[in-house]
$ cat work.csv   # CSV, C-alpha atoms
chain,number,residue,atom,x,y,z
E,1,MET,CA,1.0,59.1,-144.5
E,2,ASN,CA,-2.2,60.9,-143.7
E,3,GLY,CA,-1.4,64.6,-143.4
E,4,GLU,CA,2.3,64.0,-143.4
E,5,ALA,CA,4.3,65.1,-146.4
E,6,PRO,CA,7.0,62.7,-147.3
E,7,ASN,CA,10.4,63.9,-148.5
E,8,THR,CA,9.7,64.6,-152.2
E,9,ALA,CA,13.1,66.0,-153.1
E,10,ASP,CA,14.6,62.7,-154.3
E,11,TRP,CA,12.0,61.8,-156.8
E,12,GLN,CA,11.5,65.4,-157.9
E,13,ASP,CA,15.2,65.7,-158.7
E,14,ALA,CA,15.1,62.4,-160.6
E,15,LEU,CA,12.0,63.6,-162.4
E,16,TYR,CA,13.6,66.9,-163.4
E,17,ASP,CA,16.7,65.0,-164.7
E,18,LEU,CA,14.4,62.7,-166.7
E,19,LEU,CA,12.6,65.6,-168.3
E,20,ARG,CA,15.9,67.3,-169.3
E,21,GLN,CA,17.4,64.0,-170.6
E,22,ASN,CA,14.3,63.8,-172.9
E,23,GLY,CA,14.9,67.2,-174.4
E,24,VAL,CA,12.4,69.3,-172.4
E,25,THR,CA,13.8,72.9,-172.4
E,26,GLN,CA,10.8,75.0,-171.4
E,27,PHE,CA,9.3,74.7,-167.9
E,28,ALA,CA,6.1,76.7,-167.5
E,29,TYR,CA,4.3,77.0,-164.2
E,30,VAL,CA,2.2,78.9,-161.8
E,31,PRO,CA,4.0,78.6,-158.4
E,32,ASP,CA,3.0,75.6,-156.4
E,33,ALA,CA,4.3,73.8,-153.4
E,34,GLY,CA,4.0,70.4,-155.1
E,35,HIS,CA,6.3,71.5,-157.9
E,36,ALA,CA,8.7,73.6,-155.8
E,37,ARG,CA,11.7,71.5,-156.5
E,38,LEU,CA,11.1,71.2,-160.3
E,39,ILE,CA,10.6,75.0,-160.4
E,40,ASP,CA,13.8,75.7,-158.4
E,41,ARG,CA,15.8,73.4,-160.7
E,42,SER,CA,14.5,75.1,-163.8
E,43,LEU,CA,15.4,78.5,-162.4
E,44,ALA,CA,18.9,77.3,-161.7
E,45,ASP,CA,19.4,75.6,-165.1
E,46,ASN,CA,21.1,77.7,-167.8
E,47,GLY,CA,20.1,75.2,-170.4
E,48,ALA,CA,16.3,75.6,-169.8
E,49,HIS,CA,13.8,78.4,-169.9
E,50,SER,CA,11.9,78.8,-166.6
E,51,VAL,CA,8.6,80.5,-167.5
E,52,PRO,CA,6.4,81.7,-164.6
E,53,LEU,CA,2.8,82.2,-165.8
E,54,THR,CA,0.0,84.5,-164.6
E,55,THR,CA,-2.5,81.8,-165.4
E,56,GLU,CA,-2.2,78.2,-166.5
E,57,GLU,CA,-3.8,78.6,-169.9
E,58,GLU,CA,-0.8,80.7,-170.9
E,59,GLY,CA,1.2,77.5,-170.5
E,60,VAL,CA,-1.0,75.5,-172.9
E,61,ALA,CA,-0.3,78.1,-175.6
E,62,LEU,CA,3.4,78.3,-174.8
E,63,LEU,CA,3.6,74.5,-175.3
E,64,ALA,CA,2.0,74.8,-178.7
E,65,GLY,CA,4.4,77.6,-179.7
E,66,ALA,CA,7.4,75.6,-178.4
E,67,ASP,CA,6.3,72.7,-180.6
E,68,LEU,CA,6.0,74.8,-183.7
E,69,GLY,CA,9.6,75.8,-183.1
E,70,GLY,CA,10.8,72.2,-182.6
E,71,ALA,CA,11.2,72.4,-178.8
E,72,ARG,CA,9.7,70.4,-175.9
E,73,ALA,CA,7.9,72.1,-173.0
E,74,VAL,CA,6.1,70.9,-169.9
E,75,LEU,CA,3.3,72.6,-167.9
E,76,LEU,CA,3.5,72.3,-164.2
E,77,MET,CA,0.3,73.2,-162.4
E,78,GLN,CA,-2.0,72.5,-159.5
E,79,SER,CA,-5.3,70.8,-160.0
E,80,SER,CA,-7.2,74.1,-159.8
E,81,GLY,CA,-5.2,75.3,-162.8
E,82,VAL,CA,-6.7,72.6,-165.0
E,83,GLY,CA,-10.0,74.5,-165.0
E,84,ASN,CA,-8.2,77.6,-166.3
E,85,CYS,CA,-6.9,75.7,-169.3
E,86,VAL,CA,-10.0,74.1,-170.8
E,87,ASN,CA,-10.8,76.1,-174.0
E,88,LEU,CA,-7.1,76.3,-174.9
E,89,LEU,CA,-6.9,72.5,-174.8
E,90,SER,CA,-8.9,72.6,-178.0
E,91,LEU,CA,-5.8,74.0,-179.6
E,92,MET,CA,-3.8,70.9,-178.6
E,93,LYS,CA,-6.5,68.5,-179.6
E,94,GLY,CA,-7.4,70.2,-182.9
E,95,GLY,CA,-3.8,70.8,-183.8
E,96,ARG,CA,-2.5,67.5,-182.5
E,97,PHE,CA,0.1,69.4,-180.5
E,98,PRO,CA,1.9,67.2,-177.9
E,99,LEU,CA,0.8,68.2,-174.4
E,100,LEU,CA,2.7,67.1,-171.3
E,101,THR,CA,1.5,68.5,-168.0
E,102,ILE,CA,2.3,67.4,-164.5
E,103,VAL,CA,-0.6,68.2,-162.1
E,104,SER,CA,-0.2,68.3,-158.3
E,105,MET,CA,-3.5,67.3,-157.0
E,106,ARG,CA,-5.6,69.0,-154.3
E,107,GLY,CA,-9.2,68.1,-153.3
E,108,ASP,CA,-8.1,64.5,-153.4
E,109,PHE,CA,-6.9,62.0,-150.8
E,110,GLY,CA,-7.2,63.5,-147.3
E,111,GLU,CA,-7.8,67.1,-148.4
E,112,GLY,CA,-8.6,69.4,-145.4
E,113,ASN,CA,-9.7,72.4,-147.4
E,114,PRO,CA,-13.3,72.1,-148.7
E,115,TRP,CA,-12.7,74.7,-151.4
E,116,GLN,CA,-10.3,72.4,-153.2
E,117,TYR,CA,-12.8,69.6,-153.8
E,118,PRO,CA,-14.9,70.8,-156.7
E,119,MET,CA,-12.0,71.4,-159.1
E,120,GLY,CA,-9.9,68.6,-157.7
E,121,GLN,CA,-12.6,66.0,-158.2
E,122,ALA,CA,-13.4,67.4,-161.7
E,123,VAL,CA,-9.8,67.2,-163.0
E,124,GLU,CA,-10.0,63.8,-164.6
E,125,PRO,CA,-13.5,64.1,-166.2
E,126,VAL,CA,-12.6,67.6,-167.5
E,127,LEU,CA,-9.3,66.5,-169.0
E,128,ALA,CA,-10.9,63.3,-170.4
E,129,ALA,CA,-13.6,65.5,-172.0
E,130,MET,CA,-10.9,67.5,-173.8
E,131,GLY,CA,-9.0,64.5,-175.0
E,132,VAL,CA,-6.2,64.5,-172.4
E,133,ILE,CA,-5.0,61.1,-171.1
E,134,CYS,CA,-4.6,61.0,-167.3
E,135,LEU,CA,-1.9,58.9,-165.6
E,136,ARG,CA,-2.2,58.9,-161.8
E,137,ILE,CA,0.8,58.4,-159.5
E,138,GLU,CA,0.3,57.2,-155.9
E,139,ARG,CA,3.7,55.9,-154.9
E,140,PRO,CA,7.2,57.4,-155.3
E,141,GLU,CA,8.5,54.3,-157.2
E,142,GLU,CA,5.8,55.0,-159.9
E,143,VAL,CA,7.1,58.5,-160.7
E,144,LEU,CA,9.9,57.8,-163.1
E,145,PRO,CA,8.2,55.0,-165.1
E,146,THR,CA,5.0,57.0,-165.4
E,147,ALA,CA,6.8,60.1,-166.4
E,148,GLY,CA,8.8,58.2,-168.9
E,149,ALA,CA,5.7,56.7,-170.4
E,150,ALA,CA,4.1,60.2,-170.6
E,151,LEU,CA,7.1,61.6,-172.4
E,152,THR,CA,6.9,58.9,-175.0
E,153,MET,CA,3.1,59.3,-175.4
E,154,ALA,CA,3.4,63.1,-175.8
E,155,PHE,CA,6.5,63.6,-177.8
E,156,GLN,CA,6.7,60.4,-179.8
E,157,SER,CA,3.0,59.8,-180.3
E,158,GLY,CA,1.7,63.3,-180.3
E,159,GLN,CA,-0.8,62.7,-177.5
E,160,ALA,CA,-2.0,65.1,-174.8
E,161,VAL,CA,-1.0,63.6,-171.4
E,162,ALA,CA,-1.5,64.7,-167.8
E,163,VAL,CA,0.5,63.1,-165.1
E,164,LEU,CA,-1.4,63.4,-161.8
E,165,LEU,CA,0.7,63.6,-158.7
E,166,THR,CA,-2.0,62.5,-156.2
E,167,GLN,CA,-2.2,63.5,-152.5
E,168,LYS,CA,-1.4,59.9,-151.6
E,169,LEU,CA,2.0,60.6,-153.2
E,170,LEU,CA,2.4,64.2,-152.1
E,171,GLY,CA,0.7,64.1,-148.7
E,172,ALA,CA,-2.3,66.3,-147.9
E,173,LYS,CA,-1.5,69.9,-146.9
E,174,LYS,CA,-2.2,70.4,-143.2
E,175,PHE,CA,-4.8,72.9,-142.0
Z,1,MET,CA,1.9,108.2,-177.5
Z,2,SER,CA,-0.1,110.0,-174.9
Z,3,THR,CA,1.7,112.7,-172.9
Z,4,SER,CA,-1.1,112.9,-170.3
Z,5,THR,CA,-0.1,112.6,-166.7
Z,6,SER,CA,-3.6,112.6,-165.2
Z,7,GLY,CA,-4.9,109.2,-166.3
Z,8,ILE,CA,-7.2,107.8,-168.9
Z,9,ALA,CA,-9.9,110.4,-168.5
Z,10,ALA,CA,-7.5,113.2,-169.6
Z,11,ALA,CA,-5.9,111.1,-172.5
Z,12,PRO,CA,-6.9,112.1,-176.0
Z,13,ALA,CA,-9.5,109.7,-177.5
Z,14,PRO,CA,-7.8,107.1,-179.7
Z,15,ARG,CA,-8.1,107.7,-183.4
Z,16,TYR,CA,-9.0,104.8,-185.7
Z,17,LEU,CA,-7.9,106.1,-189.1
Z,18,LEU,CA,-5.8,103.5,-190.8
Z,19,ASP,CA,-7.1,100.8,-193.2
Z,20,ARG,CA,-5.9,97.4,-192.0
Z,21,THR,CA,-5.6,96.0,-195.5
Z,22,THR,CA,-2.8,98.5,-196.3
Z,23,ALA,CA,-1.5,99.3,-192.8
Z,24,VAL,CA,-0.7,95.8,-191.7
Z,25,PRO,CA,1.4,95.0,-194.9
Z,26,ALA,CA,3.1,98.4,-194.6
Z,27,LEU,CA,4.0,97.7,-191.0
Z,28,VAL,CA,5.2,94.2,-191.4
Z,29,GLY,CA,7.2,94.7,-194.6
Z,30,ARG,CA,8.9,91.5,-195.9
Z,31,HIS,CA,6.9,88.9,-194.1
Z,32,GLN,CA,9.5,86.2,-194.9
Z,33,ASP,CA,11.8,87.8,-192.3
Z,34,PHE,CA,9.5,86.4,-189.6
Z,35,LEU,CA,8.0,83.3,-188.1
Z,36,ILE,CA,4.4,84.5,-187.5
Z,37,VAL,CA,1.6,83.6,-185.1
Z,38,ALA,CA,-1.7,85.3,-185.8
Z,39,GLY,CA,-4.7,85.5,-183.5
Z,40,LEU,CA,-8.1,84.4,-184.6
Z,41,ALA,CA,-10.5,86.4,-186.9
Z,42,GLY,CA,-9.1,89.8,-188.2
Z,43,THR,CA,-5.4,89.2,-187.7
Z,44,ALA,CA,-5.6,85.7,-189.1
Z,45,LYS,CA,-7.1,87.2,-192.3
Z,46,ASP,CA,-4.5,89.9,-192.4
Z,47,VAL,CA,-1.7,87.4,-192.1
Z,48,ALA,CA,-3.2,84.8,-194.5
Z,49,ALA,CA,-3.5,87.5,-197.1
Z,50,LEU,CA,0.0,88.9,-196.5
Z,51,THR,CA,1.7,85.5,-196.7
Z,52,ARG,CA,-0.7,83.9,-199.2
Z,53,ASP,CA,-1.5,81.4,-196.5
Z,54,GLY,CA,2.2,80.7,-196.1
Z,55,ALA,CA,4.1,78.1,-194.1
Z,56,ASN,CA,5.9,80.7,-192.1
Z,57,ALA,CA,2.6,81.6,-190.4
Z,58,TYR,CA,0.3,79.8,-187.9
Z,59,CYS,CA,-3.1,81.4,-187.9
Z,60,LEU,CA,-5.6,80.6,-185.2
Z,61,ALA,CA,-9.4,80.3,-185.9
Z,62,GLY,CA,-10.2,79.5,-182.2
Z,63,ALA,CA,-8.3,79.2,-178.9
Z,64,MET,CA,-8.9,82.9,-178.3
Z,65,GLY,CA,-6.1,84.4,-176.2
Z,66,ALA,CA,-3.4,82.0,-177.3
Z,67,ALA,CA,-1.5,83.9,-179.9
Z,68,ALA,CA,0.9,85.9,-177.7
Z,69,MET,CA,2.0,83.0,-175.6
Z,70,MET,CA,2.4,80.8,-178.7
Z,71,GLY,CA,4.8,83.5,-179.9
Z,72,LEU,CA,6.7,83.3,-176.7
Z,73,GLY,CA,7.1,79.5,-176.9
Z,74,LEU,CA,8.2,79.8,-180.5
Z,75,ALA,CA,10.6,82.7,-179.8
Z,76,LEU,CA,12.3,80.7,-177.0
Z,77,ALA,CA,12.5,77.6,-179.2
Z,78,GLN,CA,14.0,79.6,-182.2
Z,79,PRO,CA,16.3,82.3,-180.7
Z,80,GLU,CA,18.0,82.8,-184.1
Z,81,ARG,CA,14.7,83.6,-185.9
Z,82,LYS,CA,12.5,86.7,-185.5
Z,83,VAL,CA,9.1,85.9,-184.3
Z,84,LEU,CA,6.1,88.2,-184.9
Z,85,VAL,CA,2.7,87.9,-183.2
Z,86,LEU,CA,-0.2,89.7,-184.8
Z,87,THR,CA,-3.2,89.8,-182.5
Z,88,GLY,CA,-6.4,91.8,-182.2
Z,89,ASP,CA,-7.5,93.9,-179.3
Z,90,GLY,CA,-10.2,91.5,-178.3
Z,91,GLU,CA,-7.9,88.5,-178.4
Z,92,LEU,CA,-5.2,90.2,-176.4
Z,93,LEU,CA,-7.6,91.4,-173.8
Z,94,MET,CA,-8.8,87.8,-173.2
Z,95,ASN,CA,-5.3,86.9,-172.0
Z,96,VAL,CA,-3.8,90.2,-171.1
Z,97,GLY,CA,-1.7,88.7,-168.3
Z,98,SER,CA,0.5,87.1,-171.0
Z,99,LEU,CA,2.0,90.5,-171.6
Z,100,ALA,CA,3.4,90.3,-168.0
Z,101,THR,CA,4.7,86.8,-168.6
Z,102,ILE,CA,6.4,87.8,-171.9
Z,103,ALA,CA,7.9,90.9,-170.3
Z,104,VAL,CA,9.6,88.8,-167.6
Z,105,LEU,CA,11.2,86.6,-170.2
Z,106,ASN,CA,11.8,89.5,-172.6
Z,107,PRO,CA,13.1,87.5,-175.6
Z,108,ALA,CA,14.9,89.9,-178.0
Z,109,ASN,CA,13.5,88.1,-181.1
Z,110,LEU,CA,9.8,88.6,-180.2
Z,111,SER,CA,7.6,91.4,-181.4
Z,112,ILE,CA,3.9,91.7,-180.7
Z,113,VAL,CA,1.7,93.8,-182.9
Z,114,CYS,CA,-1.8,94.4,-181.7
Z,115,VAL,CA,-4.1,95.4,-184.5
Z,116,ASP,CA,-6.6,97.5,-182.5
Z,117,ASN,CA,-9.8,98.3,-184.2
Z,118,GLY,CA,-11.6,98.9,-180.9
Z,119,HIS,CA,-14.2,96.3,-181.7
Z,120,TYR,CA,-15.1,92.6,-181.8
Z,121,GLY,CA,-15.4,92.5,-185.6
Z,122,GLU,CA,-16.1,88.8,-185.9
Z,123,THR,CA,-19.2,88.9,-183.7
Z,124,GLY,CA,-20.9,92.0,-185.1
Z,125,TYR,CA,-18.6,94.9,-184.2
Z,126,GLN,CA,-19.5,95.4,-180.6
Z,127,LYS,CA,-17.2,97.9,-178.9
Z,128,SER,CA,-14.2,96.4,-177.2
Z,129,HIS,CA,-12.6,97.9,-174.0
Z,130,THR,CA,-10.0,99.7,-176.1
Z,131,SER,CA,-12.6,102.0,-177.5
Z,132,LEU,CA,-14.0,102.5,-174.0
Z,133,GLY,CA,-10.7,103.9,-172.5
Z,134,VAL,CA,-8.4,101.0,-172.2
Z,135,ASP,CA,-4.9,101.6,-173.7
Z,136,LEU,CA,-3.1,98.3,-174.4
Z,137,GLU,CA,0.2,100.1,-175.1
Z,138,ARG,CA,0.2,101.5,-171.6
Z,139,ILE,CA,-0.8,98.1,-170.3
Z,140,ALA,CA,2.1,96.5,-172.2
Z,141,ALA,CA,4.5,99.2,-170.9
Z,142,GLY,CA,3.2,98.7,-167.4
Z,143,ALA,CA,3.7,95.0,-167.7
Z,144,GLY,CA,7.3,95.7,-168.2
Z,145,ILE,CA,7.7,95.4,-172.0
Z,146,ARG,CA,10.6,97.8,-172.6
Z,147,VAL,CA,9.9,99.0,-176.2
Z,148,THR,CA,6.3,100.0,-177.0
Z,149,ARG,CA,4.7,102.3,-179.6
Z,150,SER,CA,1.2,103.3,-180.7
Z,151,ILE,CA,0.8,104.0,-184.4
Z,152,GLU,CA,-2.4,105.6,-185.7
Z,153,ASN,CA,-1.3,107.2,-188.9
Z,154,GLU,CA,0.9,106.5,-191.9
Z,155,ASP,CA,3.8,108.5,-190.6
Z,156,GLY,CA,4.4,105.9,-187.9
Z,157,LEU,CA,4.5,102.8,-190.1
Z,158,ALA,CA,8.1,103.0,-191.2
Z,159,ASP,CA,9.3,103.4,-187.7
Z,160,GLY,CA,7.1,100.5,-186.7
Z,161,GLN,CA,8.6,98.3,-189.4
Z,162,ARG,CA,12.1,99.1,-188.1
Z,163,LEU,CA,11.1,98.6,-184.5
Z,164,ILE,CA,9.7,95.0,-185.0
Z,165,ARG,CA,13.1,94.0,-186.5
Z,166,ALA,CA,15.3,95.9,-184.0
Z,167,GLY,CA,15.9,92.8,-181.8
Z,168,ASN,CA,17.2,94.4,-178.6
Z,169,ALA,CA,14.2,93.5,-176.5
Z,170,THR,CA,10.7,92.3,-176.8
Z,171,CYS,CA,8.7,95.0,-178.6
Z,172,PHE,CA,5.0,95.8,-178.6
Z,173,VAL,CA,3.3,97.9,-181.2
Z,174,LEU,CA,-0.3,99.0,-181.0
Z,175,LEU,CA,-1.6,99.6,-184.5
Z,176,ARG,CA,-4.9,101.5,-184.5
Z,177,VAL,CA,-7.1,100.8,-187.5
Z,178,LYS,CA,-10.6,101.5,-188.6
Z,179,PRO,CA,-13.3,98.9,-187.6
Z,180,THR,CA,-13.5,97.2,-191.0
Z,181,ASP,CA,-13.1,93.6,-192.1
Z,182,GLY,CA,-9.7,92.0,-192.9
Z,183,PRO,CA,-8.8,90.9,-196.4
Z,184,LYS,CA,-10.6,87.8,-197.7
Z,185,LEU,CA,-8.5,84.9,-198.7
Z,186,LYS,CA,-9.4,81.2,-198.6
Z,187,ARG,CA,-7.0,79.5,-196.2
Z,188,ILE,CA,-6.4,76.1,-194.8
Z,189,MET,CA,-8.5,75.8,-191.6
Z,190,ASP,CA,-7.3,72.5,-190.3
Z,191,PRO,CA,-5.2,73.3,-187.2
Z,192,SER,CA,-3.3,70.0,-187.4
Z,193,LEU,CA,-2.4,70.4,-191.1
Z,194,CYS,CA,-1.2,73.9,-190.4
Z,195,ARG,CA,1.0,72.7,-187.6
Z,196,ASP,CA,2.6,70.0,-189.8
Z,197,ARG,CA,3.1,72.6,-192.6
Z,198,PHE,CA,4.8,75.1,-190.3
Z,199,ARG,CA,7.1,72.6,-188.7
Z,200,ALA,CA,8.0,70.9,-192.0
Z,201,ALA,CA,9.0,74.3,-193.5
Z,202,LEU,CA,10.9,75.4,-190.4
Z,203,LEU,CA,12.5,72.3,-189.1
Z,204,SER,CA,13.5,70.4,-192.3
Z,205,ASN,CA,15.5,73.4,-193.4
Z,206,ASN,CA,17.7,73.5,-190.3
$ encode --input "work.csv" --output "structure tokens"
Amino acid sequence: MNGEAPNTADWQDALYDLLRQNGVTQFAYVPDAGHARLIDRSLADNGAHSVPLTTEEEGVALLAGADLGGARAVLLMQSSGVGNCVNLLSLMKGGRFPLLTIVSMRGDFGEGNPWQYPMGQAVEPVLAAMGVICLRIERPEEVLPTAGAALTMAFQSGQAVAVLLTQKLLGAKKF
Amino acid sequence: MSTSTSGIAAAPAPRYLLDRTTAVPALVGRHQDFLIVAGLAGTAKDVAALTRDGANAYCLAGAMGAAAMMGLGLALAQPERKVLVLTGDGELLMNVGSLATIAVLNPANLSIVCVDNGHYGETGYQKSHTSLGVDLERIAAGAGIRVTRSIENEDGLADGQRLIRAGNATCFVLLRVKPTDGPKLKRIMDPSLCRDRFRAALLSNN
């Protein structure tokens, strides 16, 4: 799989359907190739709000606001965006707001762009430091069970959870 | 509003005349009409005093820059309710891109009031960008928010009170006030308790 992106459309469609079946109605994102299918599905879905952000920390606040109103939201971002969120994660931890984020990893398995490594490698320690539980996915068959677990952990147990779509799953971008 | 066509240098200097302890209540009117999110420091004090630390308000005491986007998430979640964000100039400047995101979504039930005193009051009244030439109403309009106003004297307050209830599009009001402290009221500072209180009041009545 090194350097070769597998066809991700199948599990991405199933993942979108799972999120919607579990009552997620707000999809917040900074555009990202790893989330392209989820973003396109949310744009085409009249029953959901598709919310393009200028920076990922906006999405953390959006999730908290959605929760105040009784709605469920998800934040889709690339690993670099995790760094933009850090102080606002204190809102989720302090307020015990549910946080569900799906992170497409860079600076990870087989990465060819050296600029991606500092933040990519810092994702898990940074999220752990802010009280966010990380669930890594490396194979397509893990996507739905892991996402299902994350939905329960976030919206039933009120935890902050990040699902990491690793480059073993997504394939490393070619340079 | 400025009628200048030649940029910030030619715009008249903003006037900070109103007292926030009277101007904010006069602008908001009946606070029970709204679900409210307040930014940290000054506007949290304004809103806590206005609502008597009420369950229809969620007041930040940290997470600077979050208020406007929390208002967006809440407005999308509760389309039948009017949502009001009160935020300071410093708080809004920290996440000013959120105005662009909000303009794209343009929920009709969301109003944002920026209580602009031109200073970072909580940290010792250092000047903020808005007293150094930055006009947040023009930024909001440039971001694409369709209805915007600047209010700097009592004559504008009634119009502002109508505007934040009009509900045709997201609205942005810049309320210029003197650089003085917000009202003092002891409020609950536990962010989790405030979340539970807000949700219980809103969601158990539905």
$ closest_atom_pairs --input "work.csv" --of "chain E" --to "chain Z" --cutoff "10 Å" --atoms "all atoms listed in the file" --output "Markdown table"
| residue | atom | partner | partner_atom | distance |
| --- | --- | --- | --- | --- |
| E:Thr25 | CA | Z:Ala77 | CA | 8.4 |
| E:Gln26 | CA | Z:Gly73 | CA | 8.0 |
| E:Ala28 | CA | Z:Gly73 | CA | 9.9 |
| E:Ala48 | CA | Z:Leu76 | CA | 9.7 |
| E:His49 | CA | Z:Leu76 | CA | 7.6 |
| E:Ser50 | CA | Z:Leu105 | CA | 8.6 |
| E:Val51 | CA | Z:Leu105 | CA | 7.2 |
| E:Pro52 | CA | Z:Thr101 | CA | 6.7 |
| E:Leu53 | CA | Z:Thr101 | CA | 5.7 |
| E:Thr54 | CA | Z:Gly97 | CA | 5.8 |
| E:Thr55 | CA | Z:Gly97 | CA | 7.5 |
| E:Glu57 | CA | Z:Ala66 | CA | 8.2 |
| E:Glu58 | CA | Z:Met69 | CA | 5.9 |
| E:Gly59 | CA | Z:Met69 | CA | 7.5 |
| E:Val60 | CA | Z:Ala66 | CA | 8.2 |
| E:Ala61 | CA | Z:Met70 | CA | 4.9 |
| E:Leu62 | CA | Z:Gly73 | CA | 4.4 |
| E:Leu63 | CA | Z:Gly73 | CA | 6.3 |
| E:Ala64 | CA | Z:Met70 | CA | 6.0 |
| E:Gly65 | CA | Z:Met70 | CA | 3.9 |
| E:Ala66 | CA | Z:Gly73 | CA | 4.2 |
| E:Asp67 | CA | Z:Leu74 | CA | 7.4 |
| E:Leu68 | CA | Z:Arg199 | CA | 5.6 |
| E:Gly69 | CA | Z:Leu74 | CA | 5.0 |
| E:Gly70 | CA | Z:Ala77 | CA | 6.6 |
| E:Ala71 | CA | Z:Ala77 | CA | 5.4 |
| E:Arg72 | CA | Z:Ala77 | CA | 8.4 |
| E:Ala73 | CA | Z:Gly73 | CA | 8.4 |
| E:Val86 | CA | Z:Ala63 | CA | 9.7 |
| E:Asn87 | CA | Z:Ala63 | CA | 6.3 |
| E:Leu88 | CA | Z:Ala63 | CA | 5.1 |
| E:Leu89 | CA | Z:Ala63 | CA | 8.0 |
| E:Ser90 | CA | Z:Ala63 | CA | 6.7 |
| E:Leu91 | CA | Z:Ala63 | CA | 5.8 |
| E:Met92 | CA | Z:Ser192 | CA | 8.9 |
| E:Lys93 | CA | Z:Ser192 | CA | 8.6 |
| E:Gly94 | CA | Z:Pro191 | CA | 5.7 |
| E:Gly95 | CA | Z:Ser192 | CA | 3.7 |
| E:Arg96 | CA | Z:Ser192 | CA | 5.6 |
| E:Phe97 | CA | Z:Ser192 | CA | 7.7 |
$ atom_distance --input "work.csv" --atom1 "CA of Ile139 in chain Z" --atom2 "CA of Val85 in chain Z"
16.8 Å
$ residues_around --input "work.csv" --residues "range 162-166 of chain E" --least-positions-apart "3" --cutoff "10 Å" --atoms "all atoms listed in the file" --output "PyMOL selection string"
chain E and resi 34-35+75-79+82+99-109+123-124+127-128+132-140+143+146-147+149-151+154+159+169-172
$ write_last_selection --input "work.csv" --atoms "C-alpha atoms" --output "PDB file, keeping the file's coordinate frame"
ATOM      1  CA  GLY E  34       4.000  70.400-155.100  1.00  0.00           C
ATOM      2  CA  HIS E  35       6.300  71.500-157.900  1.00  0.00           C
ATOM      3  CA  LEU E  75       3.300  72.600-167.900  1.00  0.00           C
ATOM      4  CA  LEU E  76       3.500  72.300-164.200  1.00  0.00           C
ATOM      5  CA  MET E  77       0.300  73.200-162.400  1.00  0.00           C
ATOM      6  CA  GLN E  78      -2.000  72.500-159.500  1.00  0.00           C
ATOM      7  CA  SER E  79      -5.300  70.800-160.000  1.00  0.00           C
ATOM      8  CA  VAL E  82      -6.700  72.600-165.000  1.00  0.00           C
ATOM      9  CA  LEU E  99       0.800  68.200-174.400  1.00  0.00           C
ATOM     10  CA  LEU E 100       2.700  67.100-171.300  1.00  0.00           C
ATOM     11  CA  THR E 101       1.500  68.500-168.000  1.00  0.00           C
ATOM     12  CA  ILE E 102       2.300  67.400-164.500  1.00  0.00           C
ATOM     13  CA  VAL E 103      -0.600  68.200-162.100  1.00  0.00           C
ATOM     14  CA  SER E 104      -0.200  68.300-158.300  1.00  0.00           C
ATOM     15  CA  MET E 105      -3.500  67.300-157.000  1.00  0.00           C
ATOM     16  CA  ARG E 106      -5.600  69.000-154.300  1.00  0.00           C
ATOM     17  CA  GLY E 107      -9.200  68.100-153.300  1.00  0.00           C
ATOM     18  CA  ASP E 108      -8.100  64.500-153.400  1.00  0.00           C
ATOM     19  CA  PHE E 109      -6.900  62.000-150.800  1.00  0.00           C
ATOM     20  CA  VAL E 123      -9.800  67.200-163.000  1.00  0.00           C
ATOM     21  CA  GLU E 124     -10.000  63.800-164.600  1.00  0.00           C
ATOM     22  CA  LEU E 127      -9.300  66.500-169.000  1.00  0.00           C
ATOM     23  CA  ALA E 128     -10.900  63.300-170.400  1.00  0.00           C
ATOM     24  CA  VAL E 132      -6.200  64.500-172.400  1.00  0.00           C
ATOM     25  CA  ILE E 133      -5.000  61.100-171.100  1.00  0.00           C
ATOM     26  CA  CYS E 134      -4.600  61.000-167.300  1.00  0.00           C
ATOM     27  CA  LEU E 135      -1.900  58.900-165.600  1.00  0.00           C
ATOM     28  CA  ARG E 136      -2.200  58.900-161.800  1.00  0.00           C
ATOM     29  CA  ILE E 137       0.800  58.400-159.500  1.00  0.00           C
ATOM     30  CA  GLU E 138       0.300  57.200-155.900  1.00  0.00           C
ATOM     31  CA  ARG E 139       3.700  55.900-154.900  1.00  0.00           C
ATOM     32  CA  PRO E 140       7.200  57.400-155.300  1.00  0.00           C
ATOM     33  CA  VAL E 143       7.100  58.500-160.700  1.00  0.00           C
ATOM     34  CA  THR E 146       5.000  57.000-165.400  1.00  0.00           C
ATOM     35  CA  ALA E 147       6.800  60.100-166.400  1.00  0.00           C
ATOM     36  CA  ALA E 149       5.700  56.700-170.400  1.00  0.00           C
ATOM     37  CA  ALA E 150       4.100  60.200-170.600  1.00  0.00           C
ATOM     38  CA  LEU E 151       7.100  61.600-172.400  1.00  0.00           C
ATOM     39  CA  ALA E 154       3.400  63.100-175.800  1.00  0.00           C
ATOM     40  CA  GLN E 159      -0.800  62.700-177.500  1.00  0.00           C
ATOM     41  CA  LEU E 169       2.000  60.600-153.200  1.00  0.00           C
ATOM     42  CA  LEU E 170       2.400  64.200-152.100  1.00  0.00           C
ATOM     43  CA  GLY E 171       0.700  64.100-148.700  1.00  0.00           C
ATOM     44  CA  ALA E 172      -2.300  66.300-147.900  1.00  0.00           C
TER      45      ALA E 172
END
$ atom_distance --input "work.csv" --atom1 "CA of Gly142 in chain Z" --atom2 "CA of Lys45 in chain Z"
29.3 Å
$ residues_around --input "work.csv" --residues "Cys114 in chain Z" --least-positions-apart "3" --cutoff "8 Å" --atoms "all atoms listed in the file" --output "ChimeraX atom specification"
/Z:86-89,92,172-175
$ write_last_selection --input "work.csv" --atoms "C-alpha atoms" --output "compact mmCIF listing (two decimals), in the coordinates of the input"
# COMPACT_ATOMS: atom_id res chain seq x y z
CA LEU Z 86 -0.20 89.70 -184.80
CA THR Z 87 -3.20 89.80 -182.50
CA GLY Z 88 -6.40 91.80 -182.20
CA ASP Z 89 -7.50 93.90 -179.30
CA LEU Z 92 -5.20 90.20 -176.40
CA PHE Z 172 5.00 95.80 -178.60
CA VAL Z 173 3.30 97.90 -181.20
CA LEU Z 174 -0.30 99.00 -181.00
CA LEU Z 175 -1.60 99.60 -184.50
